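Below is model23.pdb, which holds PDB, C-alpha atoms.
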```pdb
ATOM      1  CA  MET L1477      -0.083 -26.918  -1.697
ATOM      2  CA  ASP L1478      -2.900 -28.095  -3.888
ATOM      3  CA  HIS L1479      -5.685 -26.004  -5.412
ATOM      4  CA  ILE L1480      -7.870 -26.394  -2.312
ATOM      5  CA  ASP L1481      -5.099 -25.114  -0.020
ATOM      6  CA  ARG L1482      -4.602 -22.137  -2.348
ATOM      7  CA  GLN L1483      -8.353 -21.444  -2.287
ATOM      8  CA  ILE L1484      -8.387 -21.547   1.527
ATOM      9  CA  VAL L1485      -5.426 -19.147   1.704
ATOM     10  CA  ARG L1486      -7.106 -16.741  -0.749
ATOM     11  CA  ILE L1487     -10.302 -16.755   1.354
ATOM     12  CA  LEU L1488      -8.403 -16.146   4.597
ATOM     13  CA  GLN L1489      -6.324 -13.346   3.057
ATOM     14  CA  LYS L1490      -9.533 -11.536   2.112
ATOM     15  CA  ASN L1491     -11.068 -12.077   5.557
ATOM     16  CA  ALA L1492      -9.253 -14.039   8.256
ATOM     17  CA  ARG L1493     -12.495 -14.199  10.237
ATOM     18  CA  THR L1494     -14.338 -16.199   7.580
ATOM     19  CA  PRO L1495     -16.113 -19.010   9.451
ATOM     20  CA  LEU L1496     -14.888 -22.560   8.822
ATOM     21  CA  LYS L1497     -18.383 -23.472   7.646
ATOM     22  CA  VAL L1498     -18.244 -20.835   4.869
ATOM     23  CA  ILE L1499     -14.745 -21.912   3.797
ATOM     24  CA  ALA L1500     -15.899 -25.538   3.805
ATOM     25  CA  GLU L1501     -18.869 -24.713   1.556
ATOM     26  CA  LYS L1502     -16.651 -22.846  -0.918
ATOM     27  CA  ALA L1503     -14.009 -25.592  -0.937
ATOM     28  CA  TYR L1504     -16.564 -28.452  -1.009
ATOM     29  CA  LEU L1505     -15.073 -29.970   2.148
ATOM     30  CA  SER L1506     -16.241 -30.629   5.678
ATOM     31  CA  SER L1507     -15.402 -28.112   8.400
ATOM     32  CA  PRO L1508     -13.031 -30.577  10.144
ATOM     33  CA  ALA L1509     -11.197 -31.143   6.829
ATOM     34  CA  VAL L1510     -10.792 -27.372   6.362
ATOM     35  CA  SER L1511      -9.597 -27.028   9.958
ATOM     36  CA  ALA L1512      -6.997 -29.772   9.401
ATOM     37  CA  ARG L1513      -5.773 -28.087   6.196
ATOM     38  CA  ILE L1514      -5.485 -24.704   7.941
ATOM     39  CA  GLU L1515      -3.543 -26.297  10.800
ATOM     40  CA  ARG L1516      -1.198 -27.941   8.271
ATOM     41  CA  LEU L1517      -0.696 -24.598   6.464
ATOM     42  CA  GLU L1518       0.119 -22.954   9.810
ATOM     43  CA  LYS L1519       2.624 -25.690  10.753
ATOM     44  CA  ALA L1520       4.264 -25.356   7.308
ATOM     45  CA  GLY L1521       4.701 -21.620   7.908
ATOM     46  CA  ILE L1522       2.514 -20.638   4.949
ATOM     47  CA  ILE L1523      -0.060 -19.022   7.240
ATOM     48  CA  THR L1524       1.968 -17.067   9.783
ATOM     49  CA  GLY L1525      -0.760 -15.261  11.717
ATOM     50  CA  TYR L1526      -4.062 -13.414  11.678
ATOM     51  CA  THR L1527      -4.485  -9.657  12.034
ATOM     52  CA  ALA L1528      -7.105  -6.940  11.828
ATOM     53  CA  ARG L1529      -6.643  -4.154   9.294
ATOM     54  CA  VAL L1530      -7.395  -0.727  10.719
ATOM     55  CA  ASN L1531      -7.984   2.653   9.159
ATOM     56  CA  GLU L1532      -5.095   4.785  10.438
ATOM     57  CA  GLU L1533      -6.910   8.047   9.640
ATOM     58  CA  LYS L1534      -9.915   7.105  11.794
ATOM     59  CA  LEU L1535      -7.448   6.623  14.650
ATOM     60  CA  GLY L1536      -5.985  10.084  14.030
ATOM     61  CA  TYR L1537      -2.870   9.039  12.088
ATOM     62  CA  TYR L1538      -3.187  11.327   9.067
ATOM     63  CA  ILE L1539       0.454  11.255   7.947
ATOM     64  CA  LEU L1540       1.605   8.085   6.188
ATOM     65  CA  ALA L1541       5.184   8.220   4.929
ATOM     66  CA  PHE L1542       8.033   6.137   3.570
ATOM     67  CA  ILE L1543      11.486   6.959   4.871
ATOM     68  CA  ASN L1544      14.666   5.811   3.157
ATOM     69  CA  LEU L1545      17.575   5.495   5.582
ATOM     70  CA  GLU L1546      21.237   4.872   4.889
ATOM     71  CA  VAL L1547      22.500   2.623   7.695
ATOM     72  CA  GLN L1548      26.058   1.303   7.744
ATOM     73  CA  PRO L1549      26.303  -2.483   8.191
ATOM     74  CA  LYS L1550      28.109  -2.098  11.520
ATOM     75  CA  GLN L1551      25.142  -0.061  12.875
ATOM     76  CA  LYS L1552      22.473  -2.666  12.117
ATOM     77  CA  SER L1553      22.848  -4.503  15.439
ATOM     78  CA  GLU L1554      22.038  -1.224  17.247
ATOM     79  CA  PHE L1555      19.465   0.001  14.715
ATOM     80  CA  TYR L1556      17.229  -3.105  14.543
ATOM     81  CA  PRO L1557      16.201  -3.063  18.248
ATOM     82  CA  PHE L1558      15.639   0.715  18.038
ATOM     83  CA  ILE L1559      13.353   0.531  14.985
ATOM     84  CA  GLU L1560      11.441  -2.480  16.301
ATOM     85  CA  ALA L1561      10.596  -0.555  19.480
ATOM     86  CA  CYS L1562       9.133   2.440  17.576
ATOM     87  CA  PRO L1563       5.311   2.180  17.733
ATOM     88  CA  ASN L1564       4.747   4.386  14.663
ATOM     89  CA  VAL L1565       6.796   2.088  12.417
ATOM     90  CA  LEU L1566       4.420  -0.074  10.415
ATOM     91  CA  GLU L1567       7.140  -1.839   8.460
ATOM     92  CA  CYS L1568      10.915  -1.741   8.040
ATOM     93  CA  ASN L1569      12.699  -3.451   5.171
ATOM     94  CA  CYS L1570      16.402  -3.862   4.430
ATOM     95  CA  VAL L1571      16.697  -2.996   0.716
ATOM     96  CA  THR L1572      19.195  -2.607  -2.098
ATOM     97  CA  GLY L1573      20.118   0.679  -3.721
ATOM     98  CA  GLN L1574      21.247   4.065  -2.512
ATOM     99  CA  PHE L1575      19.621   3.560   0.909
ATOM    100  CA  SER L1576      19.717   0.411   3.023
ATOM    101  CA  MET L1577      16.373   0.695   4.858
ATOM    102  CA  LEU L1578      12.843   1.487   3.686
ATOM    103  CA  ILE L1579      10.585   2.358   6.612
ATOM    104  CA  LYS L1580       6.804   2.804   6.469
ATOM    105  CA  VAL L1581       5.444   5.008   9.265
ATOM    106  CA  ALA L1582       2.182   6.597  10.410
ATOM    107  CA  PHE L1583       2.008   9.772  12.499
ATOM    108  CA  LYS L1584      -0.685  12.143  13.714
ATOM    109  CA  SER L1585       1.183  15.225  12.469
ATOM    110  CA  THR L1586       4.137  16.325  10.369
ATOM    111  CA  VAL L1587       5.707  17.697  13.558
ATOM    112  CA  GLU L1588       5.802  14.166  15.043
ATOM    113  CA  LEU L1589       7.145  12.807  11.745
ATOM    114  CA  ASP L1590       9.878  15.460  11.701
ATOM    115  CA  GLN L1591      10.915  14.602  15.266
ATOM    116  CA  PHE L1592      11.118  10.916  14.359
ATOM    117  CA  ILE L1593      13.231  11.651  11.272
ATOM    118  CA  GLY L1594      15.575  13.635  13.522
ATOM    119  CA  ARG L1595      16.053  10.526  15.691
ATOM    120  CA  LEU L1596      16.592   8.356  12.595
ATOM    121  CA  GLN L1597      19.326  10.677  11.374
ATOM    122  CA  ASP L1598      21.467   9.486  14.296
ATOM    123  CA  TYR L1599      21.846   6.334  12.179
ATOM    124  CA  GLY L1600      22.392   7.954   8.787
ATOM    125  CA  ARG L1601      21.101  10.048   5.922
ATOM    126  CA  THR L1602      17.348   9.995   5.196
ATOM    127  CA  SER L1603      14.973  10.767   2.353
ATOM    128  CA  THR L1604      11.235  10.941   3.062
ATOM    129  CA  GLN L1605       8.130  10.652   0.894
ATOM    130  CA  ILE L1606       4.730  11.547   2.358
ATOM    131  CA  VAL L1607       1.832   9.575   0.877
ATOM    132  CA  PHE L1608      -0.945  11.590  -0.821
ATOM    133  CA  SER L1609      -3.137   8.594  -1.722
ATOM    134  CA  THR L1610      -3.003   4.801  -1.875
ATOM    135  CA  PRO L1611      -4.527   3.421  -5.099
ATOM    136  CA  VAL L1612      -3.603  -0.161  -4.052
ATOM    137  CA  GLY L1613      -3.569  -0.757  -0.319
ATOM    138  CA  PRO L1614      -1.991  -3.643   1.581
ATOM    139  CA  ARG L1615      -3.183  -6.989   0.311
ATOM    140  CA  GLY L1616      -2.142 -10.587   0.382
ATOM    141  CA  ILE L1617      -0.047 -12.235  -2.270
ATOM    142  CA  GLN L1618      -2.071 -13.111  -5.346
ATOM    143  CA  ILE L1619      -1.903 -16.904  -5.284
ATOM    144  CA  MET L1620      -1.885 -18.503  -8.711
ATOM    145  CA  GLU L1621      -3.584 -21.793  -9.468
ATOM    146  CA  SER L1622      -0.199 -23.512  -9.744
ATOM    147  CA  GLU L1623       3.400 -22.559  -9.111
ATOM    148  CA  ASN L1624       4.101 -21.988 -12.821
ATOM    149  CA  GLY L1625       1.284 -19.434 -13.016
ATOM    150  CA  GLY L1626      -1.100 -21.569 -15.075
ATOM    151  CA  LYS L1627      -3.975 -23.838 -14.259
ATOM    152  CA  GLU L1628      -3.216 -27.272 -12.900
ATOM    153  CA  ALA L1629      -3.885 -30.164 -15.196
ATOM    154  CA  ALA L1630      -7.497 -31.225 -14.805
ATOM    155  CA  GLY L1631      -6.566 -34.878 -14.748
ATOM    156  CA  LYS L1632      -5.546 -37.787 -16.893
ATOM    157  CA  LYS L1633      -7.617 -39.230 -19.708
ATOM    158  CA  ALA L1634      -8.133 -42.981 -19.898
ATOM    159  CA  ASN L1635      -5.366 -43.181 -22.517
ATOM    160  CA  GLY L1636      -2.965 -41.381 -20.156
ATOM    161  CA  SER L1637      -2.699 -38.034 -21.981
ATOM    162  CA  GLU L1638      -3.230 -34.941 -19.829
ATOM    163  CA  LYS L1639      -5.858 -32.390 -20.713
ATOM    164  CA  MET L1640      -5.265 -28.698 -20.077
ATOM    165  CA  GLU L1641      -8.161 -27.224 -18.120
ATOM    166  CA  GLY L1642     -10.061 -24.450 -19.867
ATOM    167  CA  THR L1643      -8.134 -24.667 -23.161
ATOM    168  CA  GLY L1644     -10.103 -27.236 -25.123
ATOM    169  CA  LYS L1645      -6.786 -28.936 -25.947
ATOM    170  CA  LYS L1646      -4.897 -31.909 -24.678
ATOM    171  CA  ALA L1647      -1.356 -31.309 -23.471
ATOM    172  CA  ASP L1648      -0.074 -32.816 -26.722
ATOM    173  CA  GLY L1649      -1.871 -30.040 -28.678
ATOM    174  CA  ALA L1650      -4.730 -32.116 -30.112
ATOM    175  CA  ALA L1651      -7.930 -30.113 -30.555
ATOM    176  CA  ARG L1652     -11.163 -30.991 -28.772
ATOM    177  CA  THR L1653     -14.632 -29.967 -29.887
ATOM    178  CA  LYS L1654     -17.753 -29.845 -27.704
ATOM    179  CA  HIS L1655     -21.002 -31.215 -29.134
ATOM    180  CA  GLU L1656     -24.428 -29.759 -28.403
ATOM    181  CA  GLY L1657     -25.341 -32.894 -26.489
ATOM    182  CA  GLY L1658     -22.549 -32.201 -24.016
ATOM    183  CA  GLY L1659     -20.032 -34.733 -25.310
ATOM    184  CA  THR L1660     -16.524 -33.949 -26.456
ATOM    185  CA  VAL L1661     -14.838 -35.140 -29.626
ATOM    186  CA  GLU L1662     -11.041 -35.351 -29.836
TER     187      GLU L1662
END
```

Encoding of this model in structure tokens:
Amino acid sequence: MDHIDRQIVRILQKNARTPLKVIAEKAYLSSPAVSARIERLEKAGIITGYTARVNEEKLGYYILAFINLEVQPKQKSEFYPFIEACPNVLECNCVTGQFSMLIKVAFKSTVELDQFIGRLQDYGRTSTQIVFSTPVGPRGIQIMESENGGKEAAGKKANGSEKMEGTGKKADGAARTKHEGGGTVE
């Protein structure tokens, strides 16, 4: 992935319905070029799908909770189909620690949540946390400019030494100074 692919992914994570024309303008590419890049990112498995985010409360689901469940390894083959078929399960993760599953659920009432927990306890011990507020909601991964977390090199100078974008220094540590006329002295 280059910096343009990362920019496209960031745009689509914010709004998957962003028109190709808008993405193309932001990436300084043509719409067909953006379309080809998106198709390549999909084929590579980087973009795995497109969804709509909904407000659970506006749909009547006022209870958001995380349930820890202790499932024995031999029960997983029976548990996975069960949990996948539960419509109130937003997410289920196999985790390390005291419990083996972390399940995110949404229910219309605590009574419904309690009934669901009762069904889960057929598989093992549970511990439940009901969410009061969500200071940071679901979001996409924060894609860095390069895999090492820094900015990509801006390019090569004529003498072959790389310059580090935004630092005013060459990769070898030599200082650079900007002149009022717009030129740069090394």

Practice problem: Just the residues within 10 Å of stretch 1538-1554 of chain L, please, counting all atoms listed in the file, with nothing from its chain fewer than 2 positions along; format it as a PyMOL selection string. | Solution: chain L and resi 1531-1536+1556-1559+1564-1571+1573-1586+1588-1589+1593+1596-1610

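Taking all atoms listed in the file into account, L:Pro1614 lies nearest to L:Gln1489 out of the set L:Ser1511, L:Gln1489, L:Ser1506, L:Thr1524.
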
Quiz item: So which one's closest to L:Ala1503, L:Met1620, L:Gln1483, L:Gly1525, L:Val1530? Using all atoms listed in the file, please.
Solution: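 Under the stated criterion, the closest residue is L:Gln1483.
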
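The nearest approach to L:Gly1613 among the residues L:Thr1494, L:Gly1594, L:Thr1572, L:Arg1529, with all atoms listed in the file taken into account, belongs to L:Arg1529.
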
Practice problem: May I ask for the distance between atom CA of L:Arg1615 and atom CA of L:Lys1502, given in Å to one decimal place? | Solution: 20.8 Å

Quiz item: If we count all atoms listed in the file, what is near L:Leu1505 at a cut-off of 12 Å, once residues fewer than 4 positions away on the same chain are taken out, given as number ranges by chain?
Solution: L: 1480-1481, 1483-1484, 1496-1501, 1509-1513

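One finds atom CA of L:Ala1492 at 19.4 Å from atom CA of L:Val1612.
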
Quiz prompt | Point-to-point distance in Å for atom CA of L:Arg1516 and atom CA of L:Pro1495 | solution =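 Those two atoms sit 17.4 Å apart.
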
Quiz item: Which residues, written as a list in words, have at least one atom at most 9 Å from L:Ile1619, with all atoms listed in the file counted and residues fewer than 5 positions away on the same chain left out?
Solution: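 Contacts, in chain order: Arg1482, Gln1483, Val1485, Arg1486 and Gly1625 of chain L.
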
Self-check item: Nearest residue to L:Gln1618 from the set L:Tyr1537, L:Glu1518, L:Asp1590, L:Lys1490 (distances using all atoms listed in the file)
Solution: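 Once distances to L:Gln1618 are computed over all atoms listed in the file, the minimum belongs to L:Lys1490.
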